[in-house]
Each structure stands twice: as structure tokens, then as C-alpha cells.
file upload.txt (compact mmCIF, N, CA and C atoms)
# COMPACT_ATOMS: atom_id res chain seq x y z
N MET V 10 0.82 -1.17 0.00
CA MET V 10 0.00 0.00 0.00
C MET V 10 0.87 1.25 0.00
N ALA V 11 0.52 2.17 -0.77
CA ALA V 11 1.28 3.41 -0.87
C ALA V 11 0.86 4.35 0.25
N GLU V 12 1.87 4.94 0.86
CA GLU V 12 1.56 5.87 1.96
C GLU V 12 1.17 7.22 1.39
N LYS V 13 0.23 7.81 2.04
CA LYS V 13 -0.20 9.13 1.62
C LYS V 13 0.63 10.17 2.35
N LYS V 14 1.11 11.16 1.63
CA LYS V 14 1.83 12.27 2.27
C LYS V 14 0.80 13.32 2.63
N ILE V 15 0.83 13.68 3.87
CA ILE V 15 -0.13 14.67 4.34
C ILE V 15 0.55 16.03 4.33
N ALA V 16 -0.03 16.96 3.66
CA ALA V 16 0.50 18.32 3.62
C ALA V 16 0.26 18.97 4.97
N PRO V 17 1.27 19.72 5.47
CA PRO V 17 1.07 20.36 6.77
C PRO V 17 -0.03 21.40 6.68
N LYS V 18 -0.76 21.45 7.75
CA LYS V 18 -1.85 22.43 7.81
C LYS V 18 -1.26 23.81 7.98
N SER V 19 -2.01 24.80 7.62
CA SER V 19 -1.51 26.17 7.73
C SER V 19 -1.26 26.55 9.18
N GLY V 20 -1.98 25.96 10.11
CA GLY V 20 -1.77 26.21 11.54
C GLY V 20 -0.42 25.70 11.99
N ASN V 21 -0.04 24.52 11.48
CA ASN V 21 1.28 23.97 11.81
C ASN V 21 2.39 24.83 11.22
N ARG V 22 2.19 25.30 10.02
CA ARG V 22 3.19 26.14 9.37
C ARG V 22 3.34 27.45 10.13
N LEU V 23 2.23 28.00 10.59
CA LEU V 23 2.27 29.24 11.38
C LEU V 23 3.00 29.01 12.69
N LEU V 24 2.73 27.88 13.32
CA LEU V 24 3.41 27.56 14.58
C LEU V 24 4.91 27.41 14.36
N LEU V 25 5.32 26.74 13.29
CA LEU V 25 6.74 26.60 12.99
C LEU V 25 7.38 27.95 12.70
N THR V 26 6.68 28.83 12.03
CA THR V 26 7.20 30.17 11.74
C THR V 26 7.38 30.95 13.03
N ILE V 27 6.40 30.86 13.91
CA ILE V 27 6.50 31.57 15.20
C ILE V 27 7.65 31.02 16.03
N LEU V 28 7.80 29.69 16.08
CA LEU V 28 8.90 29.09 16.83
C LEU V 28 10.25 29.47 16.22
N GLY V 29 10.33 29.48 14.90
CA GLY V 29 11.58 29.88 14.25
C GLY V 29 11.93 31.32 14.56
N ALA V 30 10.94 32.21 14.54
CA ALA V 30 11.18 33.62 14.87
C ALA V 30 11.60 33.75 16.33
N ALA V 31 10.97 32.98 17.21
CA ALA V 31 11.33 33.04 18.63
C ALA V 31 12.78 32.57 18.84
N VAL V 32 13.17 31.53 18.15
CA VAL V 32 14.55 31.03 18.27
C VAL V 32 15.52 32.09 17.75
N ALA V 33 15.17 32.73 16.63
CA ALA V 33 16.03 33.78 16.09
C ALA V 33 16.17 34.94 17.07
N VAL V 34 15.07 35.35 17.70
CA VAL V 34 15.11 36.44 18.68
C VAL V 34 15.97 36.04 19.87
N ILE V 35 15.84 34.82 20.33
CA ILE V 35 16.63 34.34 21.47
C ILE V 35 18.12 34.31 21.12
N LEU V 36 18.44 33.86 19.91
CA LEU V 36 19.85 33.83 19.50
C LEU V 36 20.43 35.23 19.38
N ILE V 37 19.67 36.14 18.83
CA ILE V 37 20.13 37.53 18.71
C ILE V 37 20.31 38.14 20.09
N ALA V 38 19.35 37.91 20.99
CA ALA V 38 19.46 38.44 22.35
C ALA V 38 20.67 37.83 23.07
N SER V 39 20.90 36.55 22.89
CA SER V 39 22.05 35.89 23.52
C SER V 39 23.36 36.48 23.00
N ALA V 40 23.42 36.71 21.70
CA ALA V 40 24.63 37.31 21.13
C ALA V 40 24.85 38.72 21.67
N GLY V 41 23.77 39.49 21.80
CA GLY V 41 23.89 40.84 22.35
C GLY V 41 24.34 40.83 23.79
N ILE V 42 23.78 39.94 24.58
CA ILE V 42 24.17 39.83 25.99
C ILE V 42 25.63 39.40 26.10
N GLY V 43 26.03 38.43 25.28
CA GLY V 43 27.43 37.98 25.29
C GLY V 43 28.39 39.10 24.94
N ARG V 44 28.03 39.88 23.94
CA ARG V 44 28.90 40.99 23.55
C ARG V 44 28.98 42.04 24.66
N TYR V 45 27.84 42.36 25.25
CA TYR V 45 27.83 43.34 26.35
C TYR V 45 28.66 42.85 27.53
N MET V 46 28.49 41.58 27.89
CA MET V 46 29.22 41.04 29.03
C MET V 46 30.72 40.98 28.76
N SER V 47 31.12 40.64 27.53
CA SER V 47 32.55 40.58 27.26
C SER V 47 33.16 41.97 27.28
N ARG V 48 32.42 42.99 26.82
CA ARG V 48 32.94 44.35 26.93
C ARG V 48 33.06 44.78 28.39
N SER V 49 32.06 44.44 29.19
CA SER V 49 32.11 44.79 30.61
C SER V 49 33.26 44.07 31.30
N TYR V 50 33.44 42.79 30.99
CA TYR V 50 34.52 42.02 31.60
C TYR V 50 35.88 42.59 31.19
N GLU V 51 35.99 42.95 29.92
CA GLU V 51 37.26 43.52 29.45
C GLU V 51 37.57 44.83 30.18
N ARG V 52 36.54 45.67 30.36
CA ARG V 52 36.75 46.94 31.06
C ARG V 52 37.13 46.69 32.52
N LEU V 53 36.46 45.75 33.16
CA LEU V 53 36.76 45.46 34.57
C LEU V 53 38.18 44.91 34.73
N THR V 54 38.57 43.98 33.86
CA THR V 54 39.92 43.43 33.98
C THR V 54 40.97 44.49 33.68
N PHE V 55 40.68 45.38 32.71
CA PHE V 55 41.64 46.45 32.42
C PHE V 55 41.79 47.37 33.63
N GLU V 56 40.66 47.74 34.25
CA GLU V 56 40.74 48.61 35.42
C GLU V 56 41.49 47.93 36.56
N PHE V 57 41.27 46.63 36.75
CA PHE V 57 41.97 45.90 37.80
C PHE V 57 43.47 45.85 37.52
N MET V 58 43.83 45.50 36.29
CA MET V 58 45.25 45.43 35.94
C MET V 58 45.91 46.80 36.02
N ASP V 59 45.17 47.83 35.63
CA ASP V 59 45.70 49.19 35.72
C ASP V 59 45.96 49.57 37.18
N GLY V 60 45.01 49.22 38.05
CA GLY V 60 45.19 49.50 39.48
C GLY V 60 46.37 48.73 40.06
N GLN V 61 46.49 47.46 39.67
CA GLN V 61 47.61 46.65 40.15
C GLN V 61 48.94 47.22 39.68
N SER V 62 49.00 47.61 38.42
CA SER V 62 50.24 48.20 37.88
C SER V 62 50.58 49.49 38.61
N GLN V 63 49.56 50.30 38.91
CA GLN V 63 49.79 51.56 39.61
C GLN V 63 50.34 51.30 41.01
N GLN V 64 49.80 50.29 41.69
CA GLN V 64 50.30 49.97 43.03
C GLN V 64 51.75 49.50 42.98
N VAL V 65 52.07 48.66 42.01
CA VAL V 65 53.45 48.18 41.88
C VAL V 65 54.39 49.35 41.60
N MET V 66 53.98 50.24 40.71
CA MET V 66 54.82 51.40 40.40
C MET V 66 54.97 52.31 41.62
N ASP V 67 53.89 52.52 42.37
CA ASP V 67 53.97 53.36 43.57
C ASP V 67 54.98 52.80 44.56
N VAL V 68 54.93 51.49 44.77
CA VAL V 68 55.87 50.86 45.71
C VAL V 68 57.30 50.99 45.19
N ALA V 69 57.49 50.75 43.90
CA ALA V 69 58.84 50.83 43.33
C ALA V 69 59.40 52.25 43.41
N VAL V 70 58.58 53.23 43.07
CA VAL V 70 59.04 54.62 43.11
C VAL V 70 59.32 55.05 44.54
N THR V 71 58.43 54.72 45.46
CA THR V 71 58.64 55.07 46.86
C THR V 71 59.92 54.45 47.39
N ASP V 72 60.13 53.17 47.07
CA ASP V 72 61.34 52.49 47.51
C ASP V 72 62.58 53.16 46.93
N MET V 73 62.53 53.49 45.65
CA MET V 73 63.68 54.13 45.01
C MET V 73 63.93 55.51 45.61
N LEU V 74 62.86 56.27 45.85
CA LEU V 74 63.04 57.60 46.44
C LEU V 74 63.63 57.51 47.84
N TRP V 75 63.13 56.60 48.66
CA TRP V 75 63.64 56.49 50.02
C TRP V 75 65.07 56.00 50.04
N ARG V 76 65.40 55.07 49.13
CA ARG V 76 66.80 54.62 49.07
C ARG V 76 67.71 55.76 48.64
N GLY V 77 67.27 56.54 47.66
CA GLY V 77 68.05 57.70 47.23
C GLY V 77 68.18 58.72 48.34
N HIS V 78 67.08 58.94 49.05
CA HIS V 78 67.10 59.89 50.17
C HIS V 78 68.04 59.39 51.27
N ALA V 79 67.96 58.11 51.58
CA ALA V 79 68.83 57.54 52.62
C ALA V 79 70.30 57.64 52.21
N ALA V 80 70.58 57.39 50.93
CA ALA V 80 71.96 57.49 50.46
C ALA V 80 72.46 58.93 50.54
N THR V 81 71.60 59.88 50.18
CA THR V 81 71.98 61.29 50.26
C THR V 81 72.23 61.70 51.69
N VAL V 82 71.34 61.31 52.59
CA VAL V 82 71.50 61.64 54.01
C VAL V 82 72.77 61.01 54.56
N ALA V 83 73.04 59.77 54.19
CA ALA V 83 74.26 59.10 54.66
C ALA V 83 75.50 59.82 54.13
N GLY V 84 75.45 60.27 52.87
CA GLY V 84 76.59 61.00 52.30
C GLY V 84 76.82 62.33 53.01
N VAL V 85 75.73 63.05 53.28
CA VAL V 85 75.84 64.33 53.98
C VAL V 85 76.36 64.10 55.39
N ALA V 86 75.86 63.07 56.05
CA ALA V 86 76.32 62.77 57.41
C ALA V 86 77.80 62.41 57.40
N ALA V 87 78.27 61.68 56.40
CA ALA V 87 79.67 61.30 56.31
C ALA V 87 80.54 62.56 56.08
N GLU V 88 80.04 63.47 55.23
CA GLU V 88 80.80 64.72 55.01
C GLU V 88 80.87 65.55 56.27
N ILE V 89 79.77 65.64 56.98
CA ILE V 89 79.75 66.41 58.24
C ILE V 89 80.72 65.77 59.24
N ALA V 90 80.68 64.45 59.31
CA ALA V 90 81.57 63.76 60.24
C ALA V 90 83.02 63.99 59.87
N THR V 91 83.34 63.98 58.60
CA THR V 91 84.70 64.22 58.13
C THR V 91 85.14 65.65 58.49
N GLU V 92 84.26 66.59 58.24
CA GLU V 92 84.58 67.99 58.57
C GLU V 92 84.74 68.18 60.08
N MET V 93 83.90 67.50 60.85
CA MET V 93 83.98 67.61 62.31
C MET V 93 85.29 67.03 62.83
N ARG V 94 85.73 65.90 62.24
CA ARG V 94 86.98 65.28 62.65
C ARG V 94 88.16 66.20 62.32
N ALA V 95 88.06 66.83 61.14
CA ALA V 95 89.16 67.73 60.75
C ALA V 95 89.20 68.95 61.65
N ALA V 96 88.06 69.41 62.11
CA ALA V 96 88.01 70.59 62.96
C ALA V 96 88.48 70.27 64.37
N VAL V 97 88.30 69.06 64.79
CA VAL V 97 88.64 68.70 66.17
C VAL V 97 90.05 68.35 66.28

call {"tool": "encode", "arguments": {"input": "upload.txt", "output": "C-alpha cells"}}
result
Amino acid sequence: MAEKKIAPKSGNRLLLTILGAAVAVILIASAGIGRYMSRSYERLTFEFMDGQSQQVMDVAVTDMLWRGHAATVAGVAAEIATEMRAAV
């Protein structure tokens, strides 16, 4: 016996069209949300790394300044001591 092919009813076709449109909207919304989140994540990680770099630089500069200051003070103290010994 030959099987009869049943043509889809217009109601079924409408339902498939609506479901297809809904899937397309969901995919577009998901892509938009993913793009927004990746931009936000990129900005947050950049700000974090920028803050970390700034802290490292602050510590390095402060350390270098204090070492330079200590060396200068030690040099001045040595000169004063030398002059004091010569005067005494």
C-alpha cells in the first residue's frame, strides 16, 4: 500500500514560523548579551590590571626615592663627620 503524504496544515506552518522567529530572537538576544558582558569584563579586567600596575609602580618609586634619600642623608652625614673630625 502506498503511503499518503499529508500536507502540513496552515496552523502547523504558522506555529513553525512563530517558533523559528522566537529562536532567532533568542539567538540575537544571547549574542547581544554575550557581547555586552565581554565588553564589561574587558573593562573590569583592564581597570583591575591598571590598578595593580599603579600599586606596583607606587611601591617601586617610593622604595627608590627612600633609598636615594637615605643614600643622600648618609653622604651628607659622612661629610659632616669628616669635617667635624678635621676641625677637632

call {"tool": "atom_distance", "arguments": {"input": "upload.txt", "atom1": "atom N of V:Trp75", "atom2": "atom C of V:Gln63"}}
result
15.8 Å

call {"tool": "atom_distance", "arguments": {"input": "upload.txt", "atom1": "atom CA of V:Asp67", "atom2": "atom CA of V:Phe55"}}
result
18.0 Å

call {"tool": "atom_distance", "arguments": {"input": "upload.txt", "atom1": "atom CA of V:Asp72", "atom2": "atom N of V:Gly84"}}
result
17.0 Å

call {"tool": "build_atoms", "arguments": {"input": "upload.txt", "residues": "stretch 72-97 of chain V", "atoms": "N, CA, C and O atoms", "output": "PDB file, in the coordinates of the input"}}
result
ATOM      1  N   ASP V  72      60.130  53.170  47.070  1.00  0.00           N
ATOM      2  CA  ASP V  72      61.340  52.490  47.510  1.00  0.00           C
ATOM      3  C   ASP V  72      62.580  53.160  46.930  1.00  0.00           C
ATOM      4  O   ASP V  72      63.557  53.399  47.641  1.00  0.00           O
ATOM      5  N   MET V  73      62.530  53.490  45.650  1.00  0.00           N
ATOM      6  CA  MET V  73      63.680  54.130  45.010  1.00  0.00           C
ATOM      7  C   MET V  73      63.930  55.510  45.610  1.00  0.00           C
ATOM      8  O   MET V  73      65.084  55.878  45.863  1.00  0.00           O
ATOM      9  N   LEU V  74      62.860  56.270  45.850  1.00  0.00           N
ATOM     10  CA  LEU V  74      63.040  57.600  46.440  1.00  0.00           C
ATOM     11  C   LEU V  74      63.630  57.510  47.840  1.00  0.00           C
ATOM     12  O   LEU V  74      64.532  58.279  48.190  1.00  0.00           O
ATOM     13  N   TRP V  75      63.130  56.600  48.660  1.00  0.00           N
ATOM     14  CA  TRP V  75      63.640  56.490  50.020  1.00  0.00           C
ATOM     15  C   TRP V  75      65.070  56.000  50.040  1.00  0.00           C
ATOM     16  O   TRP V  75      65.875  56.437  50.863  1.00  0.00           O
ATOM     17  N   ARG V  76      65.400  55.070  49.130  1.00  0.00           N
ATOM     18  CA  ARG V  76      66.800  54.620  49.070  1.00  0.00           C
ATOM     19  C   ARG V  76      67.710  55.760  48.640  1.00  0.00           C
ATOM     20  O   ARG V  76      68.796  55.928  49.190  1.00  0.00           O
ATOM     21  N   GLY V  77      67.270  56.540  47.660  1.00  0.00           N
ATOM     22  CA  GLY V  77      68.050  57.700  47.230  1.00  0.00           C
ATOM     23  C   GLY V  77      68.180  58.720  48.340  1.00  0.00           C
ATOM     24  O   GLY V  77      69.263  59.284  48.574  1.00  0.00           O
ATOM     25  N   HIS V  78      67.080  58.940  49.050  1.00  0.00           N
ATOM     26  CA  HIS V  78      67.100  59.890  50.170  1.00  0.00           C
ATOM     27  C   HIS V  78      68.040  59.390  51.270  1.00  0.00           C
ATOM     28  O   HIS V  78      68.837  60.172  51.820  1.00  0.00           O
ATOM     29  N   ALA V  79      67.960  58.110  51.580  1.00  0.00           N
ATOM     30  CA  ALA V  79      68.830  57.540  52.620  1.00  0.00           C
ATOM     31  C   ALA V  79      70.300  57.640  52.210  1.00  0.00           C
ATOM     32  O   ALA V  79      71.157  57.962  53.030  1.00  0.00           O
ATOM     33  N   ALA V  80      70.580  57.390  50.930  1.00  0.00           N
ATOM     34  CA  ALA V  80      71.960  57.490  50.460  1.00  0.00           C
ATOM     35  C   ALA V  80      72.460  58.930  50.540  1.00  0.00           C
ATOM     36  O   ALA V  80      73.602  59.171  50.950  1.00  0.00           O
ATOM     37  N   THR V  81      71.600  59.880  50.180  1.00  0.00           N
ATOM     38  CA  THR V  81      71.980  61.290  50.260  1.00  0.00           C
ATOM     39  C   THR V  81      72.230  61.700  51.690  1.00  0.00           C
ATOM     40  O   THR V  81      73.227  62.374  52.007  1.00  0.00           O
ATOM     41  N   VAL V  82      71.340  61.310  52.590  1.00  0.00           N
ATOM     42  CA  VAL V  82      71.500  61.640  54.010  1.00  0.00           C
ATOM     43  C   VAL V  82      72.770  61.010  54.560  1.00  0.00           C
ATOM     44  O   VAL V  82      73.520  61.653  55.307  1.00  0.00           O
ATOM     45  N   ALA V  83      73.040  59.770  54.190  1.00  0.00           N
ATOM     46  CA  ALA V  83      74.260  59.100  54.660  1.00  0.00           C
ATOM     47  C   ALA V  83      75.500  59.820  54.130  1.00  0.00           C
ATOM     48  O   ALA V  83      76.480  60.002  54.862  1.00  0.00           O
ATOM     49  N   GLY V  84      75.450  60.270  52.870  1.00  0.00           N
ATOM     50  CA  GLY V  84      76.590  61.000  52.300  1.00  0.00           C
ATOM     51  C   GLY V  84      76.820  62.330  53.010  1.00  0.00           C
ATOM     52  O   GLY V  84      77.965  62.695  53.320  1.00  0.00           O
ATOM     53  N   VAL V  85      75.730  63.050  53.280  1.00  0.00           N
ATOM     54  CA  VAL V  85      75.840  64.330  53.980  1.00  0.00           C
ATOM     55  C   VAL V  85      76.360  64.100  55.390  1.00  0.00           C
ATOM     56  O   VAL V  85      77.244  64.844  55.870  1.00  0.00           O
ATOM     57  N   ALA V  86      75.860  63.070  56.050  1.00  0.00           N
ATOM     58  CA  ALA V  86      76.320  62.770  57.410  1.00  0.00           C
ATOM     59  C   ALA V  86      77.800  62.410  57.400  1.00  0.00           C
ATOM     60  O   ALA V  86      78.561  62.820  58.307  1.00  0.00           O
ATOM     61  N   ALA V  87      78.270  61.680  56.400  1.00  0.00           N
ATOM     62  CA  ALA V  87      79.670  61.300  56.310  1.00  0.00           C
ATOM     63  C   ALA V  87      80.540  62.560  56.080  1.00  0.00           C
ATOM     64  O   ALA V  87      81.608  62.671  56.684  1.00  0.00           O
ATOM     65  N   GLU V  88      80.040  63.470  55.230  1.00  0.00           N
ATOM     66  CA  GLU V  88      80.800  64.720  55.010  1.00  0.00           C
ATOM     67  C   GLU V  88      80.870  65.550  56.270  1.00  0.00           C
ATOM     68  O   GLU V  88      81.930  66.123  56.602  1.00  0.00           O
ATOM     69  N   ILE V  89      79.770  65.640  56.980  1.00  0.00           N
ATOM     70  CA  ILE V  89      79.750  66.410  58.240  1.00  0.00           C
ATOM     71  C   ILE V  89      80.720  65.770  59.240  1.00  0.00           C
ATOM     72  O   ILE V  89      81.478  66.476  59.923  1.00  0.00           O
ATOM     73  N   ALA V  90      80.680  64.450  59.310  1.00  0.00           N
ATOM     74  CA  ALA V  90      81.570  63.760  60.240  1.00  0.00           C
ATOM     75  C   ALA V  90      83.020  63.990  59.870  1.00  0.00           C
ATOM     76  O   ALA V  90      83.883  64.214  60.749  1.00  0.00           O
ATOM     77  N   THR V  91      83.340  63.980  58.600  1.00  0.00           N
ATOM     78  CA  THR V  91      84.700  64.220  58.130  1.00  0.00           C
ATOM     79  C   THR V  91      85.140  65.650  58.490  1.00  0.00           C
ATOM     80  O   THR V  91      86.261  65.868  58.972  1.00  0.00           O
ATOM     81  N   GLU V  92      84.260  66.590  58.240  1.00  0.00           N
ATOM     82  CA  GLU V  92      84.580  67.990  58.570  1.00  0.00           C
ATOM     83  C   GLU V  92      84.740  68.180  60.080  1.00  0.00           C
ATOM     84  O   GLU V  92      85.595  68.958  60.535  1.00  0.00           O
ATOM     85  N   MET V  93      83.900  67.500  60.850  1.00  0.00           N
ATOM     86  CA  MET V  93      83.980  67.610  62.310  1.00  0.00           C
ATOM     87  C   MET V  93      85.290  67.030  62.830  1.00  0.00           C
ATOM     88  O   MET V  93      85.908  67.575  63.722  1.00  0.00           O
ATOM     89  N   ARG V  94      85.730  65.900  62.240  1.00  0.00           N
ATOM     90  CA  ARG V  94      86.980  65.280  62.650  1.00  0.00           C
ATOM     91  C   ARG V  94      88.160  66.200  62.320  1.00  0.00           C
ATOM     92  O   ARG V  94      89.110  66.317  63.070  1.00  0.00           O
ATOM     93  N   ALA V  95      88.060  66.830  61.140  1.00  0.00           N
ATOM     94  CA  ALA V  95      89.160  67.730  60.750  1.00  0.00           C
ATOM     95  C   ALA V  95      89.200  68.950  61.650  1.00  0.00           C
ATOM     96  O   ALA V  95      90.279  69.480  61.944  1.00  0.00           O
ATOM     97  N   ALA V  96      88.060  69.410  62.110  1.00  0.00           N
ATOM     98  CA  ALA V  96      88.010  70.590  62.960  1.00  0.00           C
ATOM     99  C   ALA V  96      88.480  70.270  64.370  1.00  0.00           C
ATOM    100  O   ALA V  96      88.967  71.149  65.076  1.00  0.00           O
ATOM    101  N   VAL V  97      88.300  69.060  64.790  1.00  0.00           N
ATOM    102  CA  VAL V  97      88.640  68.700  66.170  1.00  0.00           C
ATOM    103  C   VAL V  97      90.050  68.350  66.280  1.00  0.00           C
ATOM    104  O   VAL V  97      91.069  68.370  66.182  1.00  0.00           O
TER     105      VAL V  97
END
